[in-house]
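Peer 1: Just final11.pdb, nothing more (PDB, C-alpha atoms):
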```
ATOM      1  CA  MET D   1      -4.184  39.543  51.422
ATOM      2  CA  THR D   2      -4.381  36.510  49.085
ATOM      3  CA  ASP D   3      -7.532  34.538  48.493
ATOM      4  CA  PRO D   4      -6.959  30.990  49.846
ATOM      5  CA  PHE D   5      -9.337  29.510  47.267
ATOM      6  CA  MET D   6      -7.387  30.939  44.360
ATOM      7  CA  SER D   7      -4.181  29.315  45.528
ATOM      8  CA  ARG D   8      -5.977  25.981  45.939
ATOM      9  CA  ARG D   9      -7.321  26.301  42.403
ATOM     10  CA  ALA D  10      -3.853  27.007  41.121
ATOM     11  CA  VAL D  11      -2.526  23.931  42.938
ATOM     12  CA  PHE D  12      -5.295  21.698  41.576
ATOM     13  CA  ALA D  13      -4.857  23.062  38.041
ATOM     14  CA  GLY D  14      -1.106  22.436  38.225
ATOM     15  CA  ALA D  15      -1.669  18.896  39.492
ATOM     16  CA  ALA D  16      -4.162  18.189  36.718
ATOM     17  CA  LEU D  17      -1.724  19.500  34.116
ATOM     18  CA  CYS D  18       1.047  17.283  35.492
ATOM     19  CA  GLY D  19      -1.277  14.272  35.434
ATOM     20  CA  LEU D  20      -2.284  14.961  31.843
ATOM     21  CA  THR D  21       1.351  15.310  30.803
ATOM     22  CA  GLY D  22       2.192  12.001  32.462
ATOM     23  CA  ALA D  23      -0.752  10.252  30.787
ATOM     24  CA  LEU D  24       0.257  11.521  27.352
ATOM     25  CA  ALA D  25       3.843  10.430  27.908
ATOM     26  CA  ALA D  26       2.625   6.957  28.845
ATOM     27  CA  CYS D  27       0.770   6.712  25.525
ATOM     28  CA  GLY D  28       4.032   6.992  23.621
ATOM     29  CA  SER D  29       6.101   3.924  22.858
ATOM     30  CA  ALA D  30       9.777   3.230  22.379
ATOM     31  CA  GLU D  31       8.798   0.430  19.976
ATOM     32  CA  PRO D  32       9.098   1.233  16.278
ATOM     33  CA  PRO D  33       5.825   1.093  14.283
ATOM     34  CA  ALA D  34       4.901  -2.178  12.575
ATOM     35  CA  ALA D  35       6.593  -2.658   9.227
ATOM     36  CA  VAL D  36       4.486  -2.117   6.113
ATOM     37  CA  PRO D  37       5.640  -3.627   2.839
ATOM     38  CA  SER D  38       6.998  -0.736   0.847
ATOM     39  CA  VAL D  39       9.575   0.154  -1.701
ATOM     40  CA  SER D  40      12.710   1.653  -0.245
ATOM     41  CA  PRO D  41      15.367   3.452  -2.270
ATOM     42  CA  SER D  42      17.428   0.256  -2.265
ATOM     43  CA  ALA D  43      14.520  -1.960  -3.416
ATOM     44  CA  PRO D  44      14.555  -3.309  -6.969
ATOM     45  CA  THR D  45      13.002  -1.116  -9.630
ATOM     46  CA  LEU D  46      10.768  -2.234 -12.468
ATOM     47  CA  PRO D  47      12.394  -4.775 -14.761
ATOM     48  CA  PRO D  48      13.639  -3.363 -18.075
ATOM     49  CA  PRO D  49      11.633  -3.784 -21.282
ATOM     50  CA  GLY D  50      11.967  -7.251 -22.785
ATOM     51  CA  SER D  51      12.395  -8.899 -19.377
ATOM     52  CA  LEU D  52      10.685 -12.196 -18.661
ATOM     53  CA  LEU D  53       8.095 -11.645 -15.939
ATOM     54  CA  VAL D  54       6.416 -15.049 -15.563
ATOM     55  CA  ALA D  55       5.210 -18.063 -17.517
ATOM     56  CA  ALA D  56       1.611 -17.567 -18.654
ATOM     57  CA  ALA D  57       0.648 -20.948 -17.174
ATOM     58  CA  GLU D  58       1.534 -19.663 -13.681
ATOM     59  CA  VAL D  59      -1.065 -16.873 -13.746
ATOM     60  CA  PRO D  60      -4.513 -18.139 -12.717
ATOM     61  CA  VAL D  61      -7.592 -16.962 -14.623
ATOM     62  CA  GLY D  62      -9.277 -14.330 -12.448
ATOM     63  CA  GLY D  63      -6.166 -14.010 -10.296
ATOM     64  CA  GLY D  64      -2.615 -12.832 -10.404
ATOM     65  CA  VAL D  65       0.961 -13.401  -9.311
ATOM     66  CA  VAL D  66       3.828 -11.257  -8.156
ATOM     67  CA  ALA D  67       6.654 -11.107 -10.689
ATOM     68  CA  ALA D  68      10.061  -9.453 -10.349
ATOM     69  CA  ASN D  69       9.087  -8.134  -6.878
ATOM     70  CA  THR D  70       7.584  -4.854  -8.129
ATOM     71  CA  VAL D  71       5.162  -6.167 -10.773
ATOM     72  CA  ILE D  72       1.827  -7.940 -10.461
ATOM     73  CA  VAL D  73       0.624  -9.911 -13.500
ATOM     74  CA  VAL D  74      -3.102 -10.682 -13.714
ATOM     75  CA  GLN D  75      -5.297 -12.712 -16.066
ATOM     76  CA  PRO D  76      -8.796 -11.195 -15.846
ATOM     77  CA  ALA D  77     -10.112 -13.526 -18.580
ATOM     78  CA  ALA D  78      -8.604 -16.626 -20.175
ATOM     79  CA  GLY D  79      -5.685 -15.588 -22.380
ATOM     80  CA  GLN D  80      -5.892 -11.890 -21.437
ATOM     81  CA  PHE D  81      -2.848 -10.737 -19.442
ATOM     82  CA  LYS D  82      -2.132  -7.385 -17.851
ATOM     83  CA  ALA D  83       0.605  -6.186 -15.551
ATOM     84  CA  PHE D  84       0.788  -3.347 -13.041
ATOM     85  CA  ASP D  85       3.441  -1.687 -10.953
ATOM     86  CA  ARG D  86       2.844  -3.080  -7.441
ATOM     87  CA  ARG D  87       3.670   0.244  -5.805
ATOM     88  CA  CYS D  88       0.502   1.885  -4.560
ATOM     89  CA  PRO D  89       0.277   5.347  -6.133
ATOM     90  CA  HIS D  90      -0.668   6.841  -2.752
ATOM     91  CA  MET D  91       2.478   6.111  -0.692
ATOM     92  CA  GLY D  92       4.410   3.345  -2.438
ATOM     93  CA  ALA D  93       3.464   0.308  -0.330
ATOM     94  CA  LEU D  94       3.534  -2.934  -2.300
ATOM     95  CA  VAL D  95       0.052  -4.241  -3.095
ATOM     96  CA  GLY D  96      -0.769  -7.942  -3.088
ATOM     97  CA  THR D  97      -2.445 -10.271  -5.561
ATOM     98  CA  PRO D  98      -6.183 -10.017  -6.282
ATOM     99  CA  ASP D  99      -8.605 -11.231  -3.615
ATOM    100  CA  SER D 100     -11.643 -13.437  -4.323
ATOM    101  CA  ASN D 101     -13.644 -10.332  -5.303
ATOM    102  CA  GLY D 102     -11.120  -9.285  -7.953
ATOM    103  CA  ALA D 103      -9.689  -6.436  -5.905
ATOM    104  CA  ILE D 104      -6.046  -5.632  -5.281
ATOM    105  CA  VAL D 105      -5.674  -4.127  -1.796
ATOM    106  CA  CYS D 106      -2.918  -1.908  -0.436
ATOM    107  CA  PRO D 107      -1.834  -3.038   3.057
ATOM    108  CA  LEU D 108      -1.010   0.492   4.207
ATOM    109  CA  HIS D 109      -4.317   2.378   3.969
ATOM    110  CA  LYS D 110      -6.561  -0.321   2.445
ATOM    111  CA  ALA D 111      -6.898   1.367  -0.951
ATOM    112  CA  ARG D 112      -8.646  -0.971  -3.385
ATOM    113  CA  PHE D 113      -7.929  -1.341  -7.097
ATOM    114  CA  GLN D 114      -9.811  -3.328  -9.731
ATOM    115  CA  ALA D 115      -7.612  -6.253 -10.821
ATOM    116  CA  SER D 116      -8.992  -6.259 -14.363
ATOM    117  CA  ASP D 117      -7.686  -2.785 -15.234
ATOM    118  CA  GLY D 118      -5.927  -1.323 -12.149
ATOM    119  CA  THR D 119      -8.455   1.472 -11.599
ATOM    120  CA  ARG D 120      -8.832   2.883  -8.098
ATOM    121  CA  VAL D 121     -12.055   1.710  -6.464
ATOM    122  CA  SER D 122     -11.686   3.262  -3.011
ATOM    123  CA  GLY D 123      -9.201   4.572  -0.494
ATOM    124  CA  PRO D 124      -6.710   7.409  -0.471
ATOM    125  CA  GLY D 125      -4.965   8.612  -3.556
ATOM    126  CA  THR D 126      -6.477   9.739  -6.815
ATOM    127  CA  THR D 127      -5.087   7.364  -9.433
ATOM    128  CA  GLY D 128      -5.083   3.675 -10.188
ATOM    129  CA  LEU D 129      -2.157   1.303 -10.464
ATOM    130  CA  THR D 130       0.339   2.044 -13.228
ATOM    131  CA  LEU D 131      -0.145  -0.228 -16.235
ATOM    132  CA  ILE D 132       2.919  -2.071 -17.507
ATOM    133  CA  HIS D 133       2.574  -3.216 -21.107
ATOM    134  CA  VAL D 134       3.300  -6.891 -21.693
ATOM    135  CA  ASP D 135       3.549  -9.338 -24.575
ATOM    136  CA  VAL D 136       2.939 -13.094 -24.480
ATOM    137  CA  VAL D 137       5.561 -14.898 -26.529
ATOM    138  CA  ASN D 138       5.801 -18.715 -26.561
ATOM    139  CA  GLY D 139       3.864 -18.974 -23.303
ATOM    140  CA  GLN D 140       6.012 -16.392 -21.525
ATOM    141  CA  ILE D 141       4.892 -12.973 -20.367
ATOM    142  CA  ARG D 142       7.497 -10.319 -21.059
ATOM    143  CA  ARG D 143       7.525  -6.599 -20.448
ATOM    144  CA  SER D 144       6.957  -4.814 -23.762
ATOM    145  CA  ALA D 145       9.638  -2.600 -25.197
TER     146      ALA D 145
END
```
Give the structure from the file, written as structure tokens.
Peer 2:
Amino acid sequence: MTDPFMSRRAVFAGAALCGLTGALAACGSAEPPAAVPSVSPSAPTLPPPGSLLVAAAEVPVGGGVVAANTVIVVQPAAGQFKAFDRRCPHMGALVGTPDSNGAIVCPLHKARFQASDGTRVSGPGTTGLTLIHVDVVNGQIRRSA
């Protein structure tokens, strides 16, 4: 003879499992995830050595500008220019220009880099932004050879 309580338990357990499965399925979405600025295989690469990046007058002291899509040029102090590969070393998302605190922030995981030298301040990854050597010639910032 079968225990009637055991069969009820089995029914309730099965119903709970079905409910949980339905709830998890409802959490999914057919919508694609929000786009994050990143470098795809078809995106432009770093400009070749000797390339003009930007006019020095366009780079604010204490700030920076995006040049050639994958380069950020900063001027930490008057007349001192540095450039970095905009691709975050963690997953390749394109970082923006420095904020008011002098930090460059990755939009993907909020990694922070010091604008003055590209060092990693916080966030995932273990390295800073890749330095790109530049020369200032006749008021123009060019990638060094």
Peer 1: Could you tell me, as a PyMOL selection string, which residues have any atom at most 12 Å from (4.6, -0.9, -7.7), counting only C-alpha atoms?
Peer 2: chain D and resi 37-40+43-47+66-73+83-97+104+106+118+128-132
Peer 1: Any chance you could resolve the PyMOL selection byres ((chain D and resi 51-65) around 6) against this file and give the residues as a PyMOL selection string?
Peer 2: chain D and resi 48-50+66-67+72-78+97-98+139-143
Peer 1: Let's have the selection written as an mmCIF file, in the frame of the given file, with C-alpha atoms.
Peer 2:
```cif
data_model
loop_
_atom_site.group_PDB
_atom_site.id
_atom_site.type_symbol
_atom_site.label_atom_id
_atom_site.label_comp_id
_atom_site.auth_asym_id
_atom_site.auth_seq_id
_atom_site.Cartn_x
_atom_site.Cartn_y
_atom_site.Cartn_z
ATOM 1 C CA PRO D 48 13.639 -3.363 -18.075
ATOM 2 C CA PRO D 49 11.633 -3.784 -21.282
ATOM 3 C CA GLY D 50 11.967 -7.251 -22.785
ATOM 4 C CA VAL D 66 3.828 -11.257 -8.156
ATOM 5 C CA ALA D 67 6.654 -11.107 -10.689
ATOM 6 C CA ILE D 72 1.827 -7.940 -10.461
ATOM 7 C CA VAL D 73 0.624 -9.911 -13.500
ATOM 8 C CA VAL D 74 -3.102 -10.682 -13.714
ATOM 9 C CA GLN D 75 -5.297 -12.712 -16.066
ATOM 10 C CA PRO D 76 -8.796 -11.195 -15.846
ATOM 11 C CA ALA D 77 -10.112 -13.526 -18.580
ATOM 12 C CA ALA D 78 -8.604 -16.626 -20.175
ATOM 13 C CA THR D 97 -2.445 -10.271 -5.561
ATOM 14 C CA PRO D 98 -6.183 -10.017 -6.282
ATOM 15 C CA GLY D 139 3.864 -18.974 -23.303
ATOM 16 C CA GLN D 140 6.012 -16.392 -21.525
ATOM 17 C CA ILE D 141 4.892 -12.973 -20.367
ATOM 18 C CA ARG D 142 7.497 -10.319 -21.059
ATOM 19 C CA ARG D 143 7.525 -6.599 -20.448
#
```
Peer 1: For the atom pair atom CA of His133 of chain D and atom CA of Lys82 of chain D, what is the interatomic distance in Å to one decimal place?
Peer 2: 7.1 Å
Peer 1: What is the atom CA of Asn138 of chain D to atom CA of Thr119 of chain D distance in Å?
Peer 2: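 Distance between the two atoms: 28.9 Å.
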Peer 1: Between atom CA of Phe113 of chain D and atom CA of Val137 of chain D, what distance in Å does the model show, to one decimal?
Peer 2: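 Going from atom CA of Phe113 of chain D over to atom CA of Val137 of chain D covers 27.3 Å.
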Peer 1: Which residues, protein or nucleic acid, reach to within 10 Å of (-12.9, 1.5, 0.4) in the file's coordinates when using only C-alpha atoms, and can you give that as a VMD selection string?
Peer 2: chain D and resid 105 109 to 113 120 to 124
Peer 1: Give me the box for segment 55-64 of chain D as lines of an AutoDock Vina configuration file, namely the centre and edge lengths in Å to one decimal of a box along x, y and z that holds every listed atom plus 4 Å on each side.
Peer 2:
```
center_x = -2.0
center_y = -16.9
center_z = -14.5
size_x = 22.5
size_y = 16.1
size_z = 16.4
```
